[in-house]
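Chemist: Input data_34.pdb, format and content: PDB, C-alpha atoms.
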MODEL        1
ATOM      1  CA  MET T 605       0.000   0.000   0.000
ATOM      2  CA  GLU T 606       1.505   3.316  -1.085
ATOM      3  CA  GLU T 607       1.940   6.098   1.455
ATOM      4  CA  CYS T 608      -0.149   9.193   0.846
ATOM      5  CA  VAL T 609       2.125  12.207   0.335
ATOM      6  CA  VAL T 610       0.679  15.672   0.933
ATOM      7  CA  VAL T 611       2.223  18.337  -1.273
ATOM      8  CA  GLU T 612       2.141  21.800   0.283
ATOM      9  CA  TYR T 613       2.579  25.247  -1.241
ATOM     10  CA  GLY T 614       4.592  28.116   0.191
ATOM     11  CA  VAL T 615       6.933  30.984  -0.588
ATOM     12  CA  ILE T 616      10.598  31.434   0.216
ATOM     13  CA  ALA T 617      10.759  33.605   3.332
ATOM     14  CA  GLU T 618      14.533  33.602   3.817
ATOM     15  CA  LYS T 619      17.440  32.147   1.893
ATOM     16  CA  ARG T 620      20.993  31.577   3.065
ATOM     17  CA  ARG T 621      23.945  29.975   1.310
ATOM     18  CA  ASN T 622      22.836  26.357   1.565
ATOM     19  CA  PHE T 623      19.547  26.466   3.487
ATOM     20  CA  GLY T 624      16.459  28.596   3.913
ATOM     21  CA  PHE T 625      12.939  28.872   5.302
ATOM     22  CA  ILE T 626       9.521  28.581   3.647
ATOM     23  CA  SER T 627       6.389  30.445   4.719
ATOM     24  CA  CYS T 628       3.127  28.557   4.450
ATOM     25  CA  PRO T 629      -0.406  30.012   4.828
ATOM     26  CA  HIS T 630      -1.610  27.378   7.317
ATOM     27  CA  ARG T 631       1.625  27.056   9.329
ATOM     28  CA  VAL T 632       2.404  29.435  12.167
ATOM     29  CA  ARG T 633       6.177  29.005  11.874
ATOM     30  CA  ASP T 634       8.373  29.008   8.790
ATOM     31  CA  ILE T 635       9.649  25.558   7.875
ATOM     32  CA  PHE T 636      13.336  24.812   7.334
ATOM     33  CA  PHE T 637      14.801  23.328   4.147
ATOM     34  CA  HIS T 638      18.336  22.394   3.067
ATOM     35  CA  ASP T 639      19.731  22.700  -0.431
ATOM     36  CA  THR T 640      20.049  18.904  -0.556
ATOM     37  CA  SER T 641      16.230  18.811  -0.485
ATOM     38  CA  LEU T 642      15.889  20.720  -3.754
ATOM     39  CA  GLU T 643      14.546  18.868  -6.774
ATOM     40  CA  ASP T 644      14.776  20.148 -10.343
ATOM     41  CA  CYS T 645      16.026  23.549  -9.161
ATOM     42  CA  ARG T 646      19.035  25.220  -7.549
ATOM     43  CA  MET T 647      19.466  27.721  -4.747
ATOM     44  CA  GLU T 648      20.402  30.361  -7.320
ATOM     45  CA  GLN T 649      16.895  30.111  -8.768
ATOM     46  CA  LEU T 650      15.238  30.881  -5.431
ATOM     47  CA  SER T 651      14.674  34.298  -3.906
ATOM     48  CA  ASN T 652      12.409  35.766  -1.271
ATOM     49  CA  GLY T 653       8.819  35.409  -2.435
ATOM     50  CA  THR T 654       9.447  32.548  -4.888
ATOM     51  CA  ALA T 655       6.528  30.084  -4.875
ATOM     52  CA  VAL T 656       7.540  26.489  -4.205
ATOM     53  CA  THR T 657       6.014  23.106  -3.475
ATOM     54  CA  PHE T 658       7.313  20.688  -0.850
ATOM     55  CA  VAL T 659       6.444  17.805   1.430
ATOM     56  CA  VAL T 660       7.004  17.730   5.177
ATOM     57  CA  GLU T 661       9.097  15.088   6.885
ATOM     58  CA  GLN T 662      10.584  14.731  10.353
ATOM     59  CA  ASN T 663      14.317  15.135  10.857
ATOM     60  CA  ASP T 664      16.407  13.136  13.330
ATOM     61  CA  GLY T 665      15.372  15.510  16.116
ATOM     62  CA  GLY T 666      11.678  15.048  15.390
ATOM     63  CA  LYS T 667      11.208  18.529  13.932
ATOM     64  CA  PRO T 668       9.347  19.076  10.681
ATOM     65  CA  VAL T 669      11.492  20.023   7.695
ATOM     66  CA  ALA T 670      10.691  20.593   4.033
ATOM     67  CA  LYS T 671      11.763  17.942   1.558
ATOM     68  CA  ARG T 672      11.370  17.561  -2.227
ATOM     69  CA  VAL T 673      11.343  21.338  -2.643
ATOM     70  CA  ARG T 674      10.483  22.327  -6.199
ATOM     71  CA  LEU T 675       9.552  25.478  -8.050
ATOM     72  CA  ALA T 676       5.782  25.848  -8.147
ATOM     73  CA  PRO T 677       4.103  25.761 -11.572
ATOM     74  CA  VAL T 678       4.214  29.031 -13.490
ATOM     75  CA  GLY T 679       1.361  31.292 -12.425
ATOM     76  CA  THR T 680       0.986  29.786  -8.949
ATOM     77  CA  ARG T 681       0.029  32.372  -6.325
ATOM     78  CA  VAL T 682       0.508  31.580  -2.645
ATOM     79  CA  CYS T 683      -1.444  34.020  -0.492
ATOM     80  CA  LEU T 684      -0.503  34.440   3.160
ATOM     81  CA  THR T 685      -3.595  36.581   3.634
ATOM     82  CA  LYS T 686      -7.251  36.103   2.806
ATOM     83  CA  LEU T 687     -10.108  38.485   2.084
ATOM     84  CA  GLU T 688     -13.016  37.876   4.417
ATOM     85  CA  PRO T 689     -16.487  37.572   2.828
ATOM     86  CA  GLY T 690     -19.008  40.361   3.163
ATOM     87  CA  ILE T 691     -18.893  44.158   3.204
ATOM     88  CA  CYS T 692     -18.728  46.008   6.534
ATOM     89  CA  PHE T 693     -20.015  49.443   7.488
ATOM     90  CA  GLY T 694     -18.010  51.793   9.683
ATOM     91  CA  GLN T 695     -16.879  55.324  10.414
ATOM     92  CA  VAL T 696     -13.459  56.902   9.975
ATOM     93  CA  SER T 697     -12.161  57.818  13.405
ATOM     94  CA  ASP T 698      -8.686  58.949  12.375
ATOM     95  CA  PRO T 699      -7.988  59.552   8.670
ATOM     96  CA  ALA T 700      -4.938  57.971   7.059
ATOM     97  CA  HIS T 701      -2.205  60.143   5.628
ATOM     98  CA  VAL T 702       0.997  59.459   3.746
ATOM     99  CA  GLY T 703       3.151  57.355   6.043
ATOM    100  CA  ALA T 704       0.458  57.007   8.738
ATOM    101  CA  LYS T 705      -2.323  54.460   9.094
ATOM    102  CA  GLY T 706      -5.917  55.481   9.629
ATOM    103  CA  VAL T 707      -8.533  54.062  11.997
ATOM    104  CA  VAL T 708     -12.042  52.925  11.097
ATOM    105  CA  ARG T 709     -14.509  51.976  13.843
ATOM    106  CA  PHE T 710     -17.385  49.546  13.382
ATOM    107  CA  LEU T 711     -19.698  47.186  15.245
ATOM    108  CA  ASN T 712     -18.997  43.467  15.076
ATOM    109  CA  PRO T 713     -21.778  40.861  14.602
ATOM    110  CA  ALA T 714     -22.344  40.821  18.371
ATOM    111  CA  GLY T 715     -22.871  44.597  18.362
ATOM    112  CA  MET T 716     -19.603  45.303  20.165
ATOM    113  CA  PRO T 717     -17.426  48.201  19.012
ATOM    114  CA  GLU T 718     -14.106  47.399  17.354
ATOM    115  CA  HIS T 719     -11.601  49.180  15.176
ATOM    116  CA  LEU T 720      -9.155  48.320  12.412
ATOM    117  CA  LEU T 721      -6.329  50.155  10.709
ATOM    118  CA  TYR T 722      -6.285  51.050   7.039
ATOM    119  CA  ASP T 723      -3.858  52.559   4.569
ATOM    120  CA  SER T 724      -4.604  55.459   2.254
ATOM    121  CA  SER T 725      -3.699  53.245  -0.704
ATOM    122  CA  ASP T 726      -6.649  50.977   0.185
ATOM    123  CA  VAL T 727      -9.207  53.748  -0.392
ATOM    124  CA  GLN T 728     -11.046  53.255  -3.663
ATOM    125  CA  ARG T 729     -11.615  56.715  -5.133
ATOM    126  CA  ASP T 730     -12.453  56.085  -8.774
ATOM    127  CA  ALA T 731     -16.017  55.495  -9.869
ATOM    128  CA  ALA T 732     -14.875  52.872 -12.364
ATOM    129  CA  SER T 733     -13.896  50.538  -9.558
ATOM    130  CA  ASN T 734     -17.511  50.502  -8.398
ATOM    131  CA  ASN T 735     -18.333  48.262 -11.343
ATOM    132  CA  SER T 736     -16.018  45.568 -10.063
ATOM    133  CA  PRO T 737     -17.969  42.301  -9.636
ATOM    134  CA  GLN T 738     -16.108  41.695  -6.395
ATOM    135  CA  THR T 739     -17.623  44.779  -4.786
ATOM    136  CA  SER T 740     -21.057  45.081  -6.373
ATOM    137  CA  TYR T 741     -23.222  45.288  -3.298
ATOM    138  CA  ALA T 742     -26.970  45.070  -2.550
ATOM    139  CA  ALA T 743     -28.466  45.632   0.889
ATOM    140  CA  ASP T 744     -28.729  42.387   2.865
ATOM    141  CA  GLN T 745     -31.279  42.612   5.656
ATOM    142  CA  HIS T 746     -30.477  39.128   6.960
ATOM    143  CA  GLN T 747     -27.141  40.195   8.430
ATOM    144  CA  THR T 748     -27.044  41.173  12.100
ATOM    145  CA  HIS T 749     -24.517  43.916  11.506
ATOM    146  CA  SER T 750     -23.523  46.293   8.753
ATOM    147  CA  VAL T 751     -22.732  43.874   5.960
ATOM    148  CA  ILE T 752     -23.860  45.467   2.708
ATOM    149  CA  ARG T 753     -23.390  44.687  -0.968
ATOM    150  CA  PRO T 754     -24.273  47.804  -3.527
ATOM    151  CA  ALA T 755     -22.003  49.541  -5.978
ATOM    152  CA  LEU T 756     -21.486  52.706  -3.993
ATOM    153  CA  HIS T 757     -19.359  55.785  -4.337
ATOM    154  CA  GLY T 758     -19.426  59.324  -3.016
ATOM    155  CA  GLY T 759     -19.435  60.125   0.684
ATOM    156  CA  ALA T 760     -21.850  60.381   3.610
ATOM    157  CA  ARG T 761     -21.357  61.749   7.082
ATOM    158  CA  LEU T 762     -23.702  61.788  10.022
ATOM    159  CA  THR T 763     -23.838  65.574  10.198
ATOM    160  CA  SER T 764     -26.168  68.248   8.896
ATOM    161  CA  THR T 765     -23.340  69.840   6.925
ATOM    162  CA  SER T 766     -22.679  66.884   4.628
ATOM    163  CA  GLN T 767     -21.324  67.924   1.283
ATOM    164  CA  PRO T 768     -22.171  66.118  -1.949
ATOM    165  CA  PRO T 769     -19.586  63.493  -2.879
ATOM    166  CA  ALA T 770     -16.576  64.879  -4.694
ATOM    167  CA  THR T 771     -16.308  61.732  -6.809
ATOM    168  CA  ALA T 772     -19.796  62.066  -8.274
ATOM    169  CA  LEU T 773     -18.956  63.831 -11.513
ATOM    170  CA  ALA T 774     -21.514  65.173 -13.936
ATOM    171  CA  SER T 775     -21.558  63.636 -17.387
ATOM    172  CA  PRO T 776     -19.580  65.735 -19.863
ATOM    173  CA  PRO T 777     -21.551  67.917 -22.293
ATOM    174  CA  GLU T 778     -21.859  66.830 -25.864
ATOM    175  CA  GLN T 779     -19.163  68.249 -28.067
ATOM    176  CA  ALA T 780     -19.475  69.361 -31.630
ATOM    177  CA  PRO T 781     -17.916  67.040 -34.188
ATOM    178  CA  GLN T 782     -14.284  67.766 -34.843
ATOM    179  CA  VAL T 783     -13.284  68.851 -38.350
ATOM    180  CA  ASP T 784      -9.755  68.346 -39.555
ATOM    181  CA  HIS T 785      -8.235  71.495 -41.084
ATOM    182  CA  PRO T 786      -4.951  71.715 -42.929
ATOM    183  CA  PRO T 787      -2.160  73.081 -40.719
ATOM    184  CA  ASP T 788      -1.546  76.814 -40.848
ATOM    185  CA  PRO T 789       2.157  77.475 -41.549
ATOM    186  CA  CYS T 790       1.850  80.875 -39.837
ATOM    187  CA  ARG T 791       0.797  79.386 -36.492
ATOM    188  CA  PRO T 792       3.273  77.564 -34.250
ATOM    189  CA  VAL T 793       2.542  74.000 -33.318
ATOM    190  CA  ILE T 794       1.833  73.699 -29.599
ATOM    191  CA  PRO T 795       2.309  70.173 -28.245
ATOM    192  CA  ALA T 796      -0.491  68.711 -26.171
ATOM    193  CA  SER T 797       0.001  68.804 -22.419
ATOM    194  CA  PRO T 798       0.821  65.452 -20.836
ATOM    195  CA  PRO T 799      -1.623  64.055 -18.305
ATOM    196  CA  TYR T 800      -1.131  65.163 -14.730
ATOM    197  CA  SER T 801       1.111  62.707 -12.919
ATOM    198  CA  GLY T 802       1.342  64.339  -9.522
ATOM    199  CA  HIS T 803       5.066  65.048  -9.919
ATOM    200  CA  ASN T 804       5.027  68.150 -12.098
ATOM    201  CA  ILE T 805       4.436  71.250  -9.988
ATOM    202  CA  ASP T 806       3.693  73.297 -13.098
ATOM    203  CA  GLN T 807       0.519  71.282 -13.729
ATOM    204  CA  PRO T 808      -2.606  72.001 -11.665
ATOM    205  CA  PRO T 809      -3.692  69.109  -9.451
ATOM    206  CA  GLN T 810      -6.864  67.273 -10.320
ATOM    207  CA  CYS T 811      -9.851  67.491  -7.999
ATOM    208  CA  ILE T 812      -9.790  64.006  -6.502
ATOM    209  CA  PRO T 813     -10.038  63.222  -2.793
ATOM    210  CA  THR T 814      -6.653  62.375  -1.332
ATOM    211  CA  CYS T 815      -7.993  60.738   1.819
ATOM    212  CA  LEU T 816     -11.114  60.085   3.809
ATOM    213  CA  GLU T 817     -12.311  62.662   6.302
ATOM    214  CA  MET T 818     -12.799  62.233  10.022
ATOM    215  CA  GLY T 819     -16.339  61.068  10.743
ATOM    216  CA  GLN T 820     -16.947  59.868   7.195
ATOM    217  CA  LEU T 821     -19.056  56.733   6.828
ATOM    218  CA  VAL T 822     -17.513  54.009   4.706
ATOM    219  CA  PHE T 823     -18.011  50.524   3.414
ATOM    220  CA  PHE T 824     -14.963  48.278   3.642
ATOM    221  CA  ARG T 825     -13.760  44.721   3.588
ATOM    222  CA  ILE T 826     -11.485  42.913   6.019
ATOM    223  CA  ARG T 827      -8.219  41.199   5.111
ATOM    224  CA  THR T 828      -6.720  38.639   7.494
ATOM    225  CA  ASP T 829      -3.114  37.589   7.984
ATOM    226  CA  THR T 830      -3.775  33.852   8.207
ATOM    227  CA  ARG T 831      -0.561  33.022  10.038
ATOM    228  CA  ALA T 832      -0.982  35.759  12.631
ATOM    229  CA  ALA T 833      -4.613  34.733  13.115
ATOM    230  CA  GLN T 834      -3.531  31.129  13.671
ATOM    231  CA  MET T 835      -0.968  32.275  16.232
ATOM    232  CA  ALA T 836      -3.676  34.234  18.063
ATOM    233  CA  GLN T 837      -5.963  31.213  18.021
ATOM    234  CA  ASP T 838      -3.236  28.933  19.371
ATOM    235  CA  ALA T 839      -2.406  31.433  22.122
ATOM    236  CA  ALA T 840      -6.067  31.612  23.150
ATOM    237  CA  ALA T 841      -6.214  27.793  23.266
ATOM    238  CA  ARG T 842      -3.277  27.825  25.694
ATOM    239  CA  GLY T 843      -5.163  30.195  27.971
ATOM    240  CA  ALA T 844      -3.229  33.336  27.080
ATOM    241  CA  ALA T 845      -4.836  36.749  26.968
ATOM    242  CA  PRO T 846      -6.953  37.199  23.822
ATOM    243  CA  VAL T 847      -5.253  39.024  20.969
ATOM    244  CA  ARG T 848      -7.141  41.951  19.506
ATOM    245  CA  ARG T 849      -8.104  41.497  15.876
ATOM    246  CA  VAL T 850      -6.236  44.652  14.882
ATOM    247  CA  ALA T 851      -3.065  42.555  15.295
ATOM    248  CA  TYR T 852      -3.967  40.237  12.409
ATOM    249  CA  GLN T 853      -6.685  42.033  10.415
ATOM    250  CA  TRP T 854      -6.968  45.365   8.623
ATOM    251  CA  ALA T 855      -9.517  47.225   6.508
ATOM    252  CA  VAL T 856      -9.228  47.293   2.714
ATOM    253  CA  GLU T 857     -11.313  48.421  -0.272
ATOM    254  CA  LEU T 858     -12.765  51.361   1.634
ATOM    255  CA  ARG T 859     -15.536  53.239  -0.164
ATOM    256  CA  PRO T 860     -17.341  56.360   1.060
ATOM    257  CA  VAL T 861     -21.055  55.853   1.654
ATOM    258  CA  GLU T 862     -23.367  57.804  -0.598
ATOM    259  CA  PRO T 863     -25.700  60.224   1.257
ATOM    260  CA  SER T 864     -28.715  58.958  -0.666
ATOM    261  CA  GLU T 865     -27.918  55.389   0.364
ATOM    262  CA  LEU T 866     -27.714  56.377   4.007
ATOM    263  CA  ALA T 867     -31.032  58.253   3.787
ATOM    264  CA  ALA T 868     -32.722  55.239   2.196
ATOM    265  CA  SER T 869     -31.610  52.717   4.836
ATOM    266  CA  PRO T 870     -32.932  52.989   8.421
ATOM    267  CA  HIS T 871     -30.638  50.121   9.346
ATOM    268  CA  LEU T 872     -27.564  52.087   8.272
ATOM    269  CA  GLN T 873     -28.882  55.191  10.025
ATOM    270  CA  ARG T 874     -29.110  53.291  13.322
ATOM    271  CA  GLN T 875     -25.606  51.921  12.824
ATOM    272  CA  ALA T 876     -24.310  55.408  12.016
ATOM    273  CA  ALA T 877     -25.958  56.904  15.118
ATOM    274  CA  LEU T 878     -24.321  54.266  17.335
ATOM    275  CA  LEU T 879     -20.950  54.879  15.732
ATOM    276  CA  GLU T 880     -21.321  58.621  16.279
ATOM    277  CA  LEU T 881     -22.069  58.068  19.986
ATOM    278  CA  LEU T 882     -19.089  55.716  20.200
ATOM    279  CA  GLU T 883     -16.802  58.308  18.625
ATOM    280  CA  LYS T 884     -17.949  60.981  21.094
ATOM    281  CA  ALA T 885     -17.346  58.607  24.005
ATOM    282  CA  VAL T 886     -13.842  57.794  22.754
ATOM    283  CA  LYS T 887     -12.986  61.484  22.366
ATOM    284  CA  ALA T 888     -14.314  62.279  25.846
ATOM    285  CA  SER T 889     -12.257  59.435  27.314
ATOM    286  CA  ASP T 890      -9.117  60.621  25.508
ATOM    287  CA  ALA T 891      -9.667  64.186  26.713
ATOM    288  CA  ALA T 892     -10.143  63.034  30.316
ATOM    289  CA  ARG T 893      -7.008  60.897  30.127
ATOM    290  CA  ALA T 894      -4.975  63.776  28.705
ATOM    291  CA  SER T 895      -6.253  66.126  31.402
ATOM    292  CA  HIS T 896      -5.361  63.633  34.114
ATOM    293  CA  GLN T 897      -1.846  63.198  32.729
ATOM    294  CA  SER T 898      -1.302  66.941  32.503
ATOM    295  CA  LEU T 899      -2.344  67.357  36.138
ATOM    296  CA  ALA T 900      -0.099  64.498  37.220
ATOM    297  CA  THR T 901       2.943  65.975  35.455
ATOM    298  CA  ALA T 902       2.290  69.606  36.409
ATOM    299  CA  PRO T 903       4.932  71.055  38.788
ATOM    300  CA  THR T 904       3.722  71.663  42.311
ATOM    301  CA  ASN T 905       3.980  75.077  43.940
ATOM    302  CA  PRO T 906       6.091  74.719  47.123
ATOM    303  CA  ASP T 907       4.634  77.953  48.549
ATOM    304  CA  GLY T 908       1.112  76.671  48.128
TER     305      GLY T 908
ENDMDL
END
Please go through the file and, once you have read it, give me the structure as structure tokens.
Modeler:
Amino acid sequence: MEECVVVEYGVIAEKRRNFGFISCPHRVRDIFFHDTSLEDCRMEQLSNGTAVTFVVEQNDGGKPVAKRVRLAPVGTRVCLTKLEPGICFGQVSDPAHVGAKGVVRFLNPAGMPEHLLYDSSDVQRDAASNNSPQTSYAADQHQTHSVIRPALHGGARLTSTSQPPATALASPPEQAPQVDHPPDPCRPVIPASPPYSGHNIDQPPQCIPTCLEMGQLVFFRIRTDTRAAQMAQDAAARGAAPVRRVAYQWAVELRPVEPSELAASPHLQRQAALLELLEKAVKASDAARASHQSLATAPTNPDG
């Protein structure tokens, strides 16, 4: 009877002269391999991030090591993260800027407040991306929290001074048909201006939002670092203190909520009202903590 061999996929995490380590989505720790375990490839062909296949065996010390390491088939993608299903609804508590993460607060399925970090590069600003099949949403009333699915753009805030979304552009007016005329030798030829790239200070910047605003309501998805999540789960099984999800999850594909969508959904309005109260409570707590610290560090008057 032949032994069943399980072939696993991973990526090269670290490579030394004659050994290295492989990262695997479902393994908490990187697995060791030696160059003598390579098949149909050489160490020179491997670099950090190279996708490989391997089987796991036990060495003389009883530790798992990678054997039969081969280059993965062309086009193989090994993801160490996964995109969670569903679309969440939250509020920007601290906007992201260049070089600094932002914070988005939301209510989990149990109705408890939580927060995740996001990067400004994960904000979807263009209307064309709303047609993506991955993020075409439609309101789902069967969810216990703010999981939505419509193609949304624009922005909504739970204030009376909400401005219309900057990304909602009016359709361009019809232009008259262009007629080709022979070039006039008395007029100089002026080259067309190149598109604005953001690096030429002589060109005026385009009117696109550079980041989300504080208090803005957004739809977003959650991406999970599978290895970090597994480590948190193993630590909880050993009785350690629970790890907050911000350590292994973050918000991606953030989209501003359209004001009309918020007005048409009482469910979202209730969620937004709770998030607004939560934000006020957090700010009041931060202010009280700062005041207490300032009093504790203030110099005392010896004559008093």
Chemist: For Phe824 of chain T, which residue among T:Glu718, T:Glu688, T:Glu643, T:Asp664 is the nearest when counting all atoms listed in the file?
Modeler: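 Nearest candidate to Phe824 of chain T out of T:Glu718, T:Glu688, T:Glu643, T:Asp664: T:Glu688.
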Chemist: Evaluate the PyMOL selection byres ((chain T and resi 827-844) around 8) and record the selected residues as a list in words, following the chain and residue labels used in the document.
Modeler: Pro629, His630, Arg631, Val632, Leu684, Thr685, Lys686, Leu687, Glu688, Arg825, Ile826, Ala845, Pro846, Val847, Ala851, Tyr852, Gln853, Trp854, Ala855 and Val856 of chain T
Chemist: Extract, using only C-alpha atoms, all DNA, RNA and protein residues at most 7 Å from segment 653-661 of chain T, discarding same-chain residues fewer than 4 positions from it, and format them as a ChimeraX atom specification.
Modeler: /T:610-617,668-676,680,682
Chemist: Using Å and a single decimal, report how far atom CA of Lys705 of chain T sits from atom CA of Asp890 of chain T.
Modeler: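 Going from atom CA of Asp890 of chain T over to atom CA of Lys705 of chain T covers 18.8 Å.
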Chemist: Applied to this file, what does the PyMOL selection byres ((chain T and resi 638) around 12) return in terms of residues, put as a PyMOL selection string?
Modeler: chain T and resi 618-626+635-637+639-643+646-647+658+663+669-673
Chemist: Hey, can you spit out that residue selection with C-alpha atoms as a PDB file, keeping the file's coordinate frame?
Modeler:
ATOM      1  CA  GLU T 618      14.533  33.602   3.817  1.00  0.00           C
ATOM      2  CA  LYS T 619      17.440  32.147   1.893  1.00  0.00           C
ATOM      3  CA  ARG T 620      20.993  31.577   3.065  1.00  0.00           C
ATOM      4  CA  ARG T 621      23.945  29.975   1.310  1.00  0.00           C
ATOM      5  CA  ASN T 622      22.836  26.357   1.565  1.00  0.00           C
ATOM      6  CA  PHE T 623      19.547  26.466   3.487  1.00  0.00           C
ATOM      7  CA  GLY T 624      16.459  28.596   3.913  1.00  0.00           C
ATOM      8  CA  PHE T 625      12.939  28.872   5.302  1.00  0.00           C
ATOM      9  CA  ILE T 626       9.521  28.581   3.647  1.00  0.00           C
ATOM     10  CA  ILE T 635       9.649  25.558   7.875  1.00  0.00           C
ATOM     11  CA  PHE T 636      13.336  24.812   7.334  1.00  0.00           C
ATOM     12  CA  PHE T 637      14.801  23.328   4.147  1.00  0.00           C
ATOM     13  CA  ASP T 639      19.731  22.700  -0.431  1.00  0.00           C
ATOM     14  CA  THR T 640      20.049  18.904  -0.556  1.00  0.00           C
ATOM     15  CA  SER T 641      16.230  18.811  -0.485  1.00  0.00           C
ATOM     16  CA  LEU T 642      15.889  20.720  -3.754  1.00  0.00           C
ATOM     17  CA  GLU T 643      14.546  18.868  -6.774  1.00  0.00           C
ATOM     18  CA  ARG T 646      19.035  25.220  -7.549  1.00  0.00           C
ATOM     19  CA  MET T 647      19.466  27.721  -4.747  1.00  0.00           C
ATOM     20  CA  PHE T 658       7.313  20.688  -0.850  1.00  0.00           C
ATOM     21  CA  ASN T 663      14.317  15.135  10.857  1.00  0.00           C
ATOM     22  CA  VAL T 669      11.492  20.023   7.695  1.00  0.00           C
ATOM     23  CA  ALA T 670      10.691  20.593   4.033  1.00  0.00           C
ATOM     24  CA  LYS T 671      11.763  17.942   1.558  1.00  0.00           C
ATOM     25  CA  ARG T 672      11.370  17.561  -2.227  1.00  0.00           C
ATOM     26  CA  VAL T 673      11.343  21.338  -2.643  1.00  0.00           C
TER      27      VAL T 673
END
Chemist: Selected by the PyMOL selection byres ((chain T and resi 727) around 7) in the shown coordinates: which residues, as a PyMOL selection string?
Modeler: chain T and resi 724-726+728-729+857-859
Chemist: At what distance in Å, to one decimal, does atom CA of Cys645 of chain T lie from atom CA of Cys628 of chain T?
Modeler: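 Atom-to-atom, atom CA of Cys628 of chain T to atom CA of Cys645 of chain T, that is 19.4 Å.
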Chemist: To one decimal place in Å, what is the distance between atom CA of Glu862 of chain T and atom CA of Phe823 of chain T?
Modeler: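 Going from atom CA of Glu862 of chain T over to atom CA of Phe823 of chain T covers 9.9 Å.
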Chemist: Neighbours of segment 878-883 of chain T within 8 Å (all atoms listed in the file; same-chain residues fewer than 2 positions away dropped), as a list in words?
Modeler: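 Non-adjacent residues within range: Gly694, Gln695, Ser697, Arg709, Phe710, Leu711, Pro717, Leu762, Gly819, Arg874, Gln875, Ala876, Ala885, Val886 and Lys887 of chain T.
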